[in-house]
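Structure file target31.cif (mmCIF, C-alpha atoms and all ligand atoms) follows.
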data_work
loop_
_atom_site.label_atom_id
_atom_site.label_comp_id
_atom_site.auth_asym_id
_atom_site.auth_seq_id
_atom_site.Cartn_x
_atom_site.Cartn_y
_atom_site.Cartn_z
CA MET A 1314 147.59 153.82 160.81
CA THR A 1315 143.85 153.43 160.63
CA MET A 1316 141.94 154.08 157.44
CA PRO A 1317 140.41 157.55 157.18
CA LYS A 1318 136.60 157.70 156.87
CA GLN A 1319 136.86 159.82 153.73
CA MET A 1320 139.12 159.89 150.71
CA GLN A 1321 139.67 161.61 147.37
CA ALA A 1322 138.55 159.91 144.15
CA ILE A 1323 137.74 160.61 140.51
CA VAL A 1324 133.95 160.40 140.27
CA TYR A 1325 132.01 160.03 137.00
CA GLY A 1326 129.18 162.55 136.71
CA GLY A 1327 127.60 161.43 133.42
CA PRO A 1328 128.89 161.89 129.85
CA GLY A 1329 131.63 164.53 129.71
CA VAL A 1330 131.67 165.06 133.48
CA LYS A 1331 134.21 163.94 136.07
CA SER A 1332 135.59 165.50 139.22
CA LEU A 1333 138.08 164.92 142.01
CA GLU A 1334 135.79 164.60 145.02
CA THR A 1335 135.76 163.68 148.69
CA VAL A 1336 133.83 160.42 149.13
CA ALA A 1337 133.45 157.68 151.75
CA THR A 1338 136.32 155.20 152.03
CA PRO A 1339 135.25 151.71 150.83
CA LYS A 1340 134.45 148.95 153.31
CA ILE A 1341 134.68 145.15 153.11
CA GLN A 1342 131.33 143.85 151.77
CA GLN A 1343 132.08 140.16 151.18
CA PRO A 1344 134.48 137.84 153.05
CA THR A 1345 136.46 137.47 149.78
CA ASP A 1346 137.09 141.26 149.47
CA ALA A 1347 140.21 143.25 150.21
CA ILE A 1348 140.66 146.99 150.69
CA ILE A 1349 143.79 148.32 148.97
CA LYS A 1350 145.49 151.66 149.58
CA ILE A 1351 146.42 152.86 146.09
CA VAL A 1352 150.09 153.74 145.61
CA LYS A 1353 150.17 154.13 141.80
CA THR A 1354 147.36 154.31 139.29
CA THR A 1355 146.80 155.45 135.72
CA ILE A 1356 144.15 156.42 133.17
CA CYS A 1357 143.08 154.06 130.38
CA GLY A 1358 141.65 154.84 126.94
CA THR A 1359 138.59 152.98 128.21
CA ASP A 1360 138.08 155.70 130.84
CA LEU A 1361 137.92 158.24 128.00
CA HIS A 1362 135.35 156.01 126.23
CA ILE A 1363 133.30 155.99 129.46
CA LEU A 1364 133.52 159.79 129.69
CA LYS A 1365 132.32 160.09 126.11
CA GLY A 1366 129.22 158.10 127.12
CA ASP A 1367 130.25 155.00 125.08
CA VAL A 1368 129.83 152.67 128.09
CA PRO A 1369 126.30 153.37 129.38
CA ALA A 1370 126.58 150.66 132.07
CA VAL A 1371 128.74 153.14 134.00
CA THR A 1372 126.37 155.22 136.11
CA LYS A 1373 126.72 158.64 137.74
CA GLY A 1374 128.68 158.59 140.97
CA ARG A 1375 130.93 155.70 139.92
CA ILE A 1376 134.63 155.99 140.84
CA LEU A 1377 136.62 155.35 137.64
CA GLY A 1378 139.83 153.34 137.08
CA HIS A 1379 140.79 149.68 136.77
CA GLU A 1380 144.58 149.73 137.00
CA GLY A 1381 146.96 150.15 139.91
CA VAL A 1382 149.43 148.97 142.49
CA GLY A 1383 148.84 149.36 146.21
CA ILE A 1384 149.17 148.08 149.75
CA VAL A 1385 146.63 145.76 151.37
CA GLU A 1386 144.88 147.69 154.14
CA GLU A 1387 142.30 145.10 155.18
CA VAL A 1388 141.14 141.64 154.05
CA GLY A 1389 137.84 139.79 154.45
CA SER A 1390 137.69 136.61 156.56
CA ALA A 1391 137.87 134.28 153.52
CA VAL A 1392 141.01 135.83 151.95
CA THR A 1393 143.97 133.49 152.45
CA ARG A 1394 146.70 134.60 150.01
CA PHE A 1395 147.01 138.22 151.14
CA LYS A 1396 147.34 140.08 154.45
CA LYS A 1397 147.55 143.66 155.64
CA GLY A 1398 150.76 145.32 154.47
CA ASP A 1399 151.27 143.18 151.34
CA ARG A 1400 152.15 145.15 148.20
CA VAL A 1401 149.88 144.06 145.36
CA LEU A 1402 149.16 144.54 141.68
CA ILE A 1403 145.43 144.97 141.01
CA SER A 1404 144.16 143.19 137.89
CA CYS A 1405 141.57 145.02 135.79
CA VAL A 1406 139.60 141.76 135.75
CA SER A 1407 138.12 140.25 138.93
CA ALA A 1408 137.78 136.47 139.00
CA CYS A 1409 135.90 134.26 141.44
CA GLY A 1410 138.08 131.30 140.47
CA LYS A 1411 135.14 128.87 140.74
CA CYS A 1412 132.62 129.43 137.94
CA GLY A 1413 132.65 127.64 134.59
CA TYR A 1414 134.38 130.52 132.81
CA CYS A 1415 137.05 130.84 135.51
CA LYS A 1416 137.70 127.09 135.26
CA LYS A 1417 138.53 127.67 131.58
CA GLN A 1418 140.69 130.71 132.45
CA LEU A 1419 138.13 132.93 130.68
CA TYR A 1420 138.21 135.33 133.62
CA ALA A 1421 136.84 138.16 131.44
CA HIS A 1422 133.50 136.35 131.62
CA CYS A 1423 133.58 135.33 135.29
CA GLU A 1424 129.96 135.02 136.43
CA ASP A 1425 130.69 137.13 139.52
CA GLY A 1426 133.48 139.30 138.15
CA GLY A 1427 135.12 140.12 134.83
CA TRP A 1428 135.82 143.77 134.13
CA ILE A 1429 133.78 145.36 136.91
CA LEU A 1430 136.31 147.75 138.54
CA GLY A 1431 135.59 151.34 137.54
CA HIS A 1432 132.69 149.99 135.49
CA LEU A 1433 130.02 148.27 137.60
CA ILE A 1434 131.72 148.86 140.98
CA ASP A 1435 134.00 151.66 142.22
CA GLY A 1436 137.50 151.64 140.76
CA THR A 1437 141.14 152.46 141.40
CA GLN A 1438 141.31 156.21 140.71
CA ALA A 1439 140.95 156.73 144.42
CA GLU A 1440 143.06 156.63 147.55
CA TYR A 1441 141.46 153.29 148.49
CA VAL A 1442 139.65 150.62 146.47
CA ARG A 1443 137.63 147.51 147.37
CA THR A 1444 138.77 144.54 145.27
CA PRO A 1445 136.34 141.59 145.12
CA HIS A 1446 137.66 138.00 144.96
CA ALA A 1447 141.01 139.23 146.23
CA ASP A 1448 142.66 135.78 146.20
CA ASN A 1449 142.16 135.43 142.43
CA SER A 1450 142.36 139.08 141.36
CA LEU A 1451 145.48 140.44 143.08
CA TYR A 1452 149.16 139.57 142.51
CA HIS A 1453 152.02 139.88 144.97
CA VAL A 1454 154.51 142.56 143.93
CA PRO A 1455 157.94 140.89 143.77
CA GLU A 1456 160.66 142.22 146.09
CA GLY A 1457 162.38 145.27 144.60
CA ALA A 1458 160.03 145.52 141.60
CA ASP A 1459 159.48 148.76 139.68
CA GLU A 1460 155.90 149.40 140.73
CA GLU A 1461 155.27 151.87 137.92
CA ALA A 1462 156.21 149.20 135.38
CA LEU A 1463 153.83 146.78 137.11
CA VAL A 1464 150.87 149.16 136.65
CA MET A 1465 151.23 148.39 132.94
CA LEU A 1466 150.35 144.77 133.88
CA SER A 1467 146.92 145.66 135.30
CA ASP A 1468 145.43 145.94 131.83
CA ILE A 1469 147.40 147.11 128.80
CA LEU A 1470 150.16 144.49 128.64
CA PRO A 1471 147.92 141.44 129.09
CA THR A 1472 145.33 142.99 126.74
CA GLY A 1473 147.82 143.66 123.94
CA PHE A 1474 149.42 140.25 124.45
CA GLU A 1475 146.38 138.00 124.93
CA ILE A 1476 143.85 139.62 122.60
CA GLY A 1477 146.34 140.94 120.03
CA VAL A 1478 149.38 138.67 119.93
CA LEU A 1479 148.06 135.31 121.21
CA TYR A 1480 144.64 135.48 119.53
CA GLY A 1481 146.42 136.70 116.38
CA ALA A 1482 148.68 133.60 116.65
CA VAL A 1483 151.90 135.49 115.85
CA LYS A 1484 154.64 133.05 114.76
CA PRO A 1485 158.37 133.32 114.02
CA GLY A 1486 158.87 134.85 110.58
CA ASP A 1487 155.40 136.41 110.37
CA THR A 1488 154.69 139.86 109.02
CA VAL A 1489 152.59 141.59 111.67
CA ALA A 1490 150.83 144.93 111.28
CA ILE A 1491 149.45 146.80 114.29
CA ILE A 1492 146.86 149.45 113.52
CA GLY A 1493 146.97 152.07 116.28
CA ALA A 1494 150.04 153.13 118.29
CA GLY A 1495 148.23 153.93 121.54
CA PRO A 1496 149.17 152.16 124.79
CA ILE A 1497 147.43 148.91 123.75
CA GLY A 1498 149.03 148.91 120.30
CA MET A 1499 152.40 149.53 121.91
CA ALA A 1500 151.78 146.68 124.38
CA ALA A 1501 151.07 144.38 121.41
CA LEU A 1502 154.25 145.67 119.75
CA LEU A 1503 156.39 144.89 122.81
CA THR A 1504 154.93 141.43 123.43
CA ALA A 1505 154.73 140.30 119.78
CA GLN A 1506 158.53 140.26 119.93
CA PHE A 1507 158.39 137.15 122.20
CA PHE A 1508 157.62 135.23 118.98
CA SER A 1509 160.24 136.78 116.67
CA PRO A 1510 158.05 137.99 113.80
CA ALA A 1511 160.14 138.97 110.75
CA ARG A 1512 158.41 142.33 110.34
CA LEU A 1513 156.46 144.44 112.78
CA ILE A 1514 154.72 147.30 111.05
CA MET A 1515 153.05 150.07 113.09
CA VAL A 1516 150.30 152.18 111.51
CA ASP A 1517 149.06 155.40 113.12
CA VAL A 1518 148.20 159.02 112.30
CA ASP A 1519 150.57 160.54 114.87
CA GLU A 1520 154.23 161.01 113.91
CA SER A 1521 155.50 161.18 117.49
CA ARG A 1522 153.80 157.87 118.35
CA LEU A 1523 155.27 156.29 115.22
CA ALA A 1524 158.73 157.52 116.24
CA MET A 1525 158.20 155.93 119.68
CA ALA A 1526 157.05 152.69 118.03
CA LYS A 1527 160.39 152.51 116.22
CA THR A 1528 162.25 152.74 119.52
CA PHE A 1529 160.01 149.91 120.88
CA GLY A 1530 160.89 147.55 118.03
CA ALA A 1531 158.71 148.39 115.00
CA THR A 1532 160.63 147.48 111.84
CA ASP A 1533 158.49 149.81 109.69
CA VAL A 1534 155.99 152.59 110.35
CA ILE A 1535 153.21 153.97 108.16
CA ASN A 1536 151.42 157.29 108.70
CA SER A 1537 147.86 156.59 107.58
CA ALA A 1538 146.96 160.31 107.71
CA THR A 1539 149.42 161.25 104.99
CA GLY A 1540 149.41 158.04 102.94
CA ASP A 1541 147.25 155.11 101.85
CA ALA A 1542 147.95 152.52 104.54
CA VAL A 1543 146.25 149.68 102.63
CA ALA A 1544 148.28 150.27 99.47
CA GLU A 1545 151.52 150.67 101.42
CA LEU A 1546 150.98 147.49 103.46
CA LEU A 1547 150.11 145.46 100.36
CA ALA A 1548 153.13 146.87 98.50
CA MET A 1549 155.41 145.72 101.34
CA THR A 1550 154.30 142.07 101.04
CA LYS A 1551 153.66 139.50 98.33
CA ASP A 1552 150.05 138.69 99.19
CA GLY A 1553 149.18 140.52 102.38
CA ILE A 1554 149.82 140.52 106.13
CA ASP A 1555 149.95 137.36 108.27
CA VAL A 1556 148.58 138.97 111.43
CA VAL A 1557 146.77 142.32 111.61
CA ILE A 1558 146.04 143.66 115.08
CA GLU A 1559 143.29 146.30 115.32
CA ALA A 1560 144.04 148.56 118.32
CA VAL A 1561 141.86 151.62 117.71
CA GLY A 1562 138.18 150.60 117.62
CA ILE A 1563 136.71 152.51 114.68
CA ALA A 1564 135.31 151.32 111.34
CA ALA A 1565 138.14 152.90 109.30
CA THR A 1566 140.90 151.03 111.12
CA PHE A 1567 139.02 147.73 111.06
CA ASP A 1568 138.64 148.26 107.32
CA ILE A 1569 142.43 148.50 106.89
CA CYS A 1570 142.73 145.12 108.65
CA GLN A 1571 140.21 143.30 106.45
CA ARG A 1572 141.76 144.70 103.24
CA VAL A 1573 145.36 143.71 104.02
CA VAL A 1574 145.02 140.30 105.70
CA ARG A 1575 146.54 137.54 103.56
CA PRO A 1576 144.86 134.20 102.83
CA ALA A 1577 144.86 132.09 106.01
CA GLY A 1578 145.90 135.16 108.00
CA HIS A 1579 144.52 136.46 111.28
CA ILE A 1580 142.70 139.66 112.23
CA ALA A 1581 142.86 140.16 115.99
CA ASN A 1582 140.49 142.92 117.05
CA VAL A 1583 141.48 144.57 120.33
CA GLY A 1584 139.86 147.99 119.85
CA VAL A 1585 136.71 149.00 121.76
CA HIS A 1586 134.10 149.61 119.04
CA GLY A 1587 131.18 151.96 119.68
CA THR A 1588 129.53 151.46 116.27
CA SER A 1589 129.20 148.71 113.65
CA VAL A 1590 131.74 148.03 110.90
CA ASP A 1591 131.14 147.09 107.28
CA LEU A 1592 132.41 143.51 107.07
CA GLN A 1593 133.62 142.73 103.53
CA LEU A 1594 132.48 139.12 103.71
CA GLN A 1595 132.11 138.91 99.92
CA ASP A 1596 135.94 139.17 99.73
CA LEU A 1597 136.82 137.36 102.93
CA TRP A 1598 134.66 134.21 102.65
CA ILE A 1599 137.18 132.61 100.29
CA LYS A 1600 140.33 133.65 102.17
CA ASN A 1601 140.39 131.17 105.09
CA ILE A 1602 141.05 133.95 107.56
CA THR A 1603 140.49 133.94 111.33
CA LEU A 1604 138.86 136.93 113.01
CA THR A 1605 139.07 137.12 116.80
CA THR A 1606 137.69 139.53 119.39
CA GLY A 1607 137.93 139.63 123.13
CA LEU A 1608 138.21 141.20 126.52
CA VAL A 1609 141.43 140.45 128.39
CA ASN A 1610 141.38 137.36 130.62
CA THR A 1611 144.56 138.32 132.50
CA ASN A 1612 145.58 134.64 132.59
CA THR A 1613 149.06 135.66 131.36
CA THR A 1614 149.75 138.25 134.07
CA ASP A 1615 152.10 135.96 136.05
CA MET A 1616 154.12 135.13 132.95
CA LEU A 1617 154.34 138.79 131.92
CA MET A 1618 155.43 139.76 135.42
CA LYS A 1619 158.36 137.33 135.22
CA ASN A 1620 159.49 138.93 131.98
CA VAL A 1621 159.22 142.41 133.49
CA GLN A 1622 161.23 141.27 136.52
CA SER A 1623 163.97 139.79 134.34
CA GLY A 1624 164.16 142.97 132.25
CA LYS A 1625 163.14 141.24 129.03
CA LEU A 1626 160.01 143.38 128.90
CA LYS A 1627 160.34 147.09 129.76
CA PRO A 1628 156.80 148.49 129.97
CA ALA A 1629 157.90 151.51 132.07
CA GLU A 1630 159.04 153.01 128.76
CA LEU A 1631 155.37 153.55 127.94
CA ILE A 1632 155.04 156.08 130.79
CA THR A 1633 155.44 159.61 129.43
CA HIS A 1634 154.00 161.77 132.23
CA ARG A 1635 153.88 161.63 136.03
CA PHE A 1636 151.50 163.43 138.41
CA ALA A 1637 150.76 163.65 142.12
CA PHE A 1638 147.30 162.41 143.17
CA ALA A 1639 146.15 166.03 143.77
CA GLU A 1640 146.92 166.75 140.09
CA PHE A 1641 144.58 163.99 138.84
CA MET A 1642 142.39 166.37 136.82
CA ARG A 1643 145.49 167.73 135.08
CA ALA A 1644 146.53 164.12 134.30
CA TYR A 1645 143.15 163.60 132.57
CA GLU A 1646 143.68 166.79 130.57
CA VAL A 1647 147.09 165.61 129.35
CA PHE A 1648 145.92 162.05 128.58
CA GLY A 1649 142.81 163.39 126.85
CA ASN A 1650 145.03 165.51 124.57
CA ALA A 1651 147.54 162.73 123.99
CA SER A 1652 148.61 163.83 120.54
CA LYS A 1653 149.29 167.45 121.48
CA GLU A 1654 150.93 166.46 124.78
CA LYS A 1655 152.88 163.53 123.26
CA ALA A 1656 151.37 161.34 125.99
CA LEU A 1657 151.18 157.56 126.08
CA LYS A 1658 150.62 156.40 129.68
CA VAL A 1659 150.30 158.86 132.57
CA MET A 1660 151.28 157.75 136.08
CA ILE A 1661 149.51 159.07 139.17
CA ASP A 1662 151.40 158.72 142.42
CA ASN A 1663 149.72 158.40 145.82
CA SER A 1664 152.66 157.07 147.84
ZN ZN B 1 142.03 149.74 130.61
ZN ZN B 2 134.36 133.17 138.00
#

Have the structure of the file written as structure tokens, please.
Amino acid sequence: MTMPKQMQAIVYGGPGVKSLETVATPKIQQPTDAIIKIVKTTICGTDLHILKGDVPAVTKGRILGHEGVGIVEEVGSAVTRFKKGDRVLISCVSACGKCGYCKKQLYAHCEDGGWILGHLIDGTQAEYVRTPHADNSLYHVPEGADEEALVMLSDILPTGFEIGVLYGAVKPGDTVAIIGAGPIGMAALLTAQFFSPARLIMVDVDESRLAMAKTFGATDVINSATGDAVAELLAMTKDGIDVVIEAVGIAATFDICQRVVRPAGHIANVGVHGTSVDLQLQDLWIKNITLTTGLVNTNTTDMLMKNVQSGKLKPAELITHRFAFAEFMRAYEVFGNASKEKALKVMIDNS
């Protein structure tokens, strides 16, 4: 089947505005590009940040989305690892594989890539997407894989694992607190368990998300809307928390982290912050703590995929709602009202 000249896509129209529109189908621009027919895609919290106007680099007319699984429709002349018909996972980060950052596996900062899909170039909330640097930015879908589960590997699982769990240096026996039970917090919760922490405490304001966190392996949950999360976390431990993972991105949740971290502990910030925080350096300077930040590098995607394939990691459990591609606007409505709708990840099907 040949590619149609036009397709449907979610187009950003400036802060607060998005629509499902008919647009031109993407074309190969560089020999390293591929064109992928989207089979499954989803909506990220980052897309909601963009729609709020928090990411001004996203301009009107941009197709949103940076997650998905699809089928290779066409490849540029320099692509060697993929061919038409291959089923692929699309990474949220594009990597040239050659620059200084790529050589250090810091793909987030690739000089000709990084997080550009649905940001600086058109993204995956479309029937077709152009993926730059296809050889280094796509992954073969293993035979018989659950493709919905793999969509969780485009962004949220590597983000929660790399920036939360690995940067936080979670170790066996640690007490770990995750602030924010959204998809990224849940991804950190699932992958922190690789390292057998003694306690995994989830903090959120939403009771239904806290109940889900318990089914995903949280040993304790704290509702920070009804209680004092700092006092409760400190009361649970002798001298504070070994690893605190910030998975919200507001000053109030960062503040919980800096008040509960124990001496020599780690604060791993994963949240997307739109405003400054008040760093309590007068208390922290003496505590030998480590504070990390970061954008996902996706250098652990292969490893995570093996654990999904073996059944050790079950990210499909994060999917709460499913929609047909034509219902994309409804999917945004549900994801945008996550608390009321009891939504975590929404899956959009274009197969
Ligand atoms: Zn995302
Ligand atoms: Zn690069």

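Taking only C-alpha atoms and all ligand atoms into account, ligand ZN 1 (chain B) lies nearest to A:Gly1378 out of the set A:Gly1578, A:Gly1493, A:Gly1486, A:Gly1378.
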
### Task
Can you tell me which residues come within 10 Å of ligand ZN 1 (chain B) when counting all atoms listed in the file, ideally as a list in words?
Thr1355, Ile1356, Cys1357, Gly1358, Thr1359, Asp1360, Leu1361, Gly1378, His1379, Glu1380, Cys1405, Val1406, Trp1428, Leu1430, Gly1431, Met1465, Ser1467, Asp1468, Ile1469, Leu1470, Thr1472, Pro1496, Ile1497 and Val1609 of chain A

### Task
For Lys1350 of chain A, list every protein, DNA or RNA residue within 8 Å, evaluated using all atoms listed in the file, and leave out those in the same chain fewer than 5 positions away; present the list as number ranges by chain.
A: 1383-1386, 1440-1442

#### Entry: Spatial neighbours of Asp1435 of chain A, max dist 10 Å, all atoms listed in the file, sep filter under 5 positions, as a PyMOL selection string
chain A and resi 1322-1324+1339+1371+1374-1379+1429-1430+1441-1444

### Task
Could you give me, as a list of chain:residue names, every polymer residue with an atom at most 10 Å away from an atom of ligand ZN 2 (chain B), counting all atoms listed in the file?
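After applying the 10 Å limit, what remains is A:Ser1407, A:Ala1408, A:Cys1409, A:Gly1410, A:Lys1411, A:Cys1412, A:Gly1413, A:Tyr1414, A:Cys1415, A:Lys1416, A:Lys1417, A:Gln1418, A:Leu1419, A:Tyr1420, A:Ala1421, A:His1422, A:Cys1423, A:Glu1424, A:Asp1425, A:Gly1426, A:Gly1427, A:His1446, A:Asn1449.
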
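In this model, the gap between atom CA of Lys1619 of chain A and atom CA of Gly1473 of chain A comes to 16.7 Å.
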
### Query
Leaving out Ala1391 of chain A and any residue of its chain fewer than 2 positions from it, which residues lie within 7 Å of it when counting all atoms listed in the file, given as a list in words?
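In the requested form, the answer reads Pro1344, Thr1345, Gly1389 and Thr1393 of chain A.
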
### Task
Between A:Val1534, A:Val1330, A:Ala1370, A:Met1660, single out the one closest to Leu1433 of chain A, counting only C-alpha atoms.
A:Ala1370

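If you count only C-alpha atoms and ignore residues fewer than 5 places along the chain from Asp1487 of chain A, what sits within 12 Å of it is Val1478, Gly1481, Ala1482, Ala1505, Gln1506, Phe1508, Ser1509, Pro1510, Ala1511, Arg1512, Leu1513, Ile1514, Thr1550, Gly1553, Ile1554, Asp1555, Val1556, Val1557, Arg1575, Gly1578 and His1579 of chain A.
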
Could you write out that same residue set with C-alpha atoms as a JSON list (two decimals), in the frame of the given file?
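Writing done, so here's selection.json:
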[["chain", "number", "residue", "atom", "x", "y", "z"],
["A", 1478, "VAL", "CA", 149.38, 138.67, 119.93],
["A", 1481, "GLY", "CA", 146.42, 136.70, 116.38],
["A", 1482, "ALA", "CA", 148.68, 133.60, 116.65],
["A", 1505, "ALA", "CA", 154.73, 140.30, 119.78],
["A", 1506, "GLN", "CA", 158.53, 140.26, 119.93],
["A", 1508, "PHE", "CA", 157.62, 135.23, 118.98],
["A", 1509, "SER", "CA", 160.24, 136.78, 116.67],
["A", 1510, "PRO", "CA", 158.05, 137.99, 113.80],
["A", 1511, "ALA", "CA", 160.14, 138.97, 110.75],
["A", 1512, "ARG", "CA", 158.41, 142.33, 110.34],
["A", 1513, "LEU", "CA", 156.46, 144.44, 112.78],
["A", 1514, "ILE", "CA", 154.72, 147.30, 111.05],
["A", 1550, "THR", "CA", 154.30, 142.07, 101.04],
["A", 1553, "GLY", "CA", 149.18, 140.52, 102.38],
["A", 1554, "ILE", "CA", 149.82, 140.52, 106.13],
["A", 1555, "ASP", "CA", 149.95, 137.36, 108.27],
["A", 1556, "VAL", "CA", 148.58, 138.97, 111.43],
["A", 1557, "VAL", "CA", 146.77, 142.32, 111.61],
["A", 1575, "ARG", "CA", 146.54, 137.54, 103.56],
["A", 1578, "GLY", "CA", 145.90, 135.16, 108.00],
["A", 1579, "HIS", "CA", 144.52, 136.46, 111.28]]

### Query
Which is closer to Ala1347 of chain A than all the others in A:Gly1398, A:Gly1498, A:Gly1326, A:Pro1369, using only C-alpha atoms?
A:Gly1398

### Task
Counting only C-alpha atoms, figure out which residue out of A:Ala1526, A:Ala1458, A:Ala1538, A:Gly1587 gets nearest to Gly1366 of chain A.
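Result for the nearest residue to Gly1366 of chain A: A:Gly1587.
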
### Nearest-residue call for Ala1639 of chain A, choices A:Glu1520, A:Asp1662, A:Asp1399, A:Glu1387, using only C-alpha atoms
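Checking each candidate against Ala1639 of chain A, we get A:Asp1662 as the closest.
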
### Message
Please report the interatomic distance between atom CA of Glu1461 of chain A and atom CA of Lys1353 of chain A in Å with one decimal.
### Response
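Taking atom CA of Glu1461 of chain A as the start and atom CA of Lys1353 of chain A as the end point, the length is 6.8 Å.
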
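Comparing A:Val1464, A:Leu1608, A:Val1516, A:Leu1592 by their smallest distance to Ala1629 of chain A, the closest is A:Val1464 (using all atoms listed in the file).
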
### Task
Find the spatial neighbours of Leu1604 of chain A, counting only C-alpha atoms, within a cut-off of 12 Å - ignore same-chain residues fewer than 6 positions away - and output them as an MDAnalysis selection string.
chainID A and resid 1476:1477 1480:1482 1556:1559 1567 1570:1571 1574 1577:1583 1592 1594 1597:1598

Could you write out the selected residues, including C-alpha atoms, as a PDB file, keeping the file's coordinate frame?
ATOM      1  CA  ILE A1476     143.850 139.620 122.600  1.00  0.00           C
ATOM      2  CA  GLY A1477     146.340 140.940 120.030  1.00  0.00           C
ATOM      3  CA  TYR A1480     144.640 135.480 119.530  1.00  0.00           C
ATOM      4  CA  GLY A1481     146.420 136.700 116.380  1.00  0.00           C
ATOM      5  CA  ALA A1482     148.680 133.600 116.650  1.00  0.00           C
ATOM      6  CA  VAL A1556     148.580 138.970 111.430  1.00  0.00           C
ATOM      7  CA  VAL A1557     146.770 142.320 111.610  1.00  0.00           C
ATOM      8  CA  ILE A1558     146.040 143.660 115.080  1.00  0.00           C
ATOM      9  CA  GLU A1559     143.290 146.300 115.320  1.00  0.00           C
ATOM     10  CA  PHE A1567     139.020 147.730 111.060  1.00  0.00           C
ATOM     11  CA  CYS A1570     142.730 145.120 108.650  1.00  0.00           C
ATOM     12  CA  GLN A1571     140.210 143.300 106.450  1.00  0.00           C
ATOM     13  CA  VAL A1574     145.020 140.300 105.700  1.00  0.00           C
ATOM     14  CA  ALA A1577     144.860 132.090 106.010  1.00  0.00           C
ATOM     15  CA  GLY A1578     145.900 135.160 108.000  1.00  0.00           C
ATOM     16  CA  HIS A1579     144.520 136.460 111.280  1.00  0.00           C
ATOM     17  CA  ILE A1580     142.700 139.660 112.230  1.00  0.00           C
ATOM     18  CA  ALA A1581     142.860 140.160 115.990  1.00  0.00           C
ATOM     19  CA  ASN A1582     140.490 142.920 117.050  1.00  0.00           C
ATOM     20  CA  VAL A1583     141.480 144.570 120.330  1.00  0.00           C
ATOM     21  CA  LEU A1592     132.410 143.510 107.070  1.00  0.00           C
ATOM     22  CA  LEU A1594     132.480 139.120 103.710  1.00  0.00           C
ATOM     23  CA  LEU A1597     136.820 137.360 102.930  1.00  0.00           C
ATOM     24  CA  TRP A1598     134.660 134.210 102.650  1.00  0.00           C
TER      25      TRP A1598
END

## Note on the structure
As a check of understanding: the span from atom CA of Val1483 of chain A to atom CA of Leu1402 of chain A is 27.5 Å

Can you report as AutoDock Vina command-line options the centre and edge lengths in Å, to one decimal, of an axis-aligned box around the listed atoms of segment 1600-1612 of chain A padded with 3 Å on each side?
--center_x 141.6 --center_y 136.2 --center_z 117.4 --size_x 13.9 --size_y 16.0 --size_z 36.4

Some atoms are absent from segment 1422-1434 of chain A, so rebuild N, CA and C atoms and return them as a short mmCIF file (atom, residue, chain, number, x, y, z; two decimals), in the coordinates of the input.
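Ended up saving to rebuild.cif:
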data_model
loop_
_atom_site.label_atom_id
_atom_site.label_comp_id
_atom_site.auth_asym_id
_atom_site.auth_seq_id
_atom_site.Cartn_x
_atom_site.Cartn_y
_atom_site.Cartn_z
N HIS A 1422 134.93 136.66 131.57
CA HIS A 1422 133.50 136.35 131.62
C HIS A 1422 133.08 135.69 132.93
N CYS A 1423 133.92 135.86 133.96
CA CYS A 1423 133.58 135.33 135.29
C CYS A 1423 132.15 135.74 135.64
N GLU A 1424 131.38 134.76 136.16
CA GLU A 1424 129.96 135.02 136.43
C GLU A 1424 129.75 135.99 137.60
N ASP A 1425 130.80 136.17 138.42
CA ASP A 1425 130.69 137.13 139.52
C ASP A 1425 131.87 138.10 139.49
N GLY A 1426 132.32 138.42 138.26
CA GLY A 1426 133.48 139.30 138.15
C GLY A 1426 133.64 139.80 136.74
N GLY A 1427 134.81 139.55 136.15
CA GLY A 1427 135.12 140.12 134.83
C GLY A 1427 135.59 141.55 135.01
N TRP A 1428 135.43 142.37 133.97
CA TRP A 1428 135.82 143.77 134.13
C TRP A 1428 134.67 144.50 134.83
N ILE A 1429 134.80 144.64 136.13
CA ILE A 1429 133.78 145.36 136.91
C ILE A 1429 134.37 146.61 137.58
N LEU A 1430 135.68 146.60 137.87
CA LEU A 1430 136.31 147.75 138.54
C LEU A 1430 136.20 149.01 137.67
N GLY A 1431 135.73 150.09 138.26
CA GLY A 1431 135.59 151.34 137.54
C GLY A 1431 134.56 151.25 136.42
N HIS A 1432 133.68 150.27 136.52
CA HIS A 1432 132.69 149.99 135.49
C HIS A 1432 131.34 149.76 136.19
N LEU A 1433 131.24 148.60 136.87
CA LEU A 1433 130.02 148.27 137.60
C LEU A 1433 130.18 148.48 139.10
N ILE A 1434 131.44 148.53 139.57
CA ILE A 1434 131.72 148.86 140.98
C ILE A 1434 132.81 149.93 140.98
#
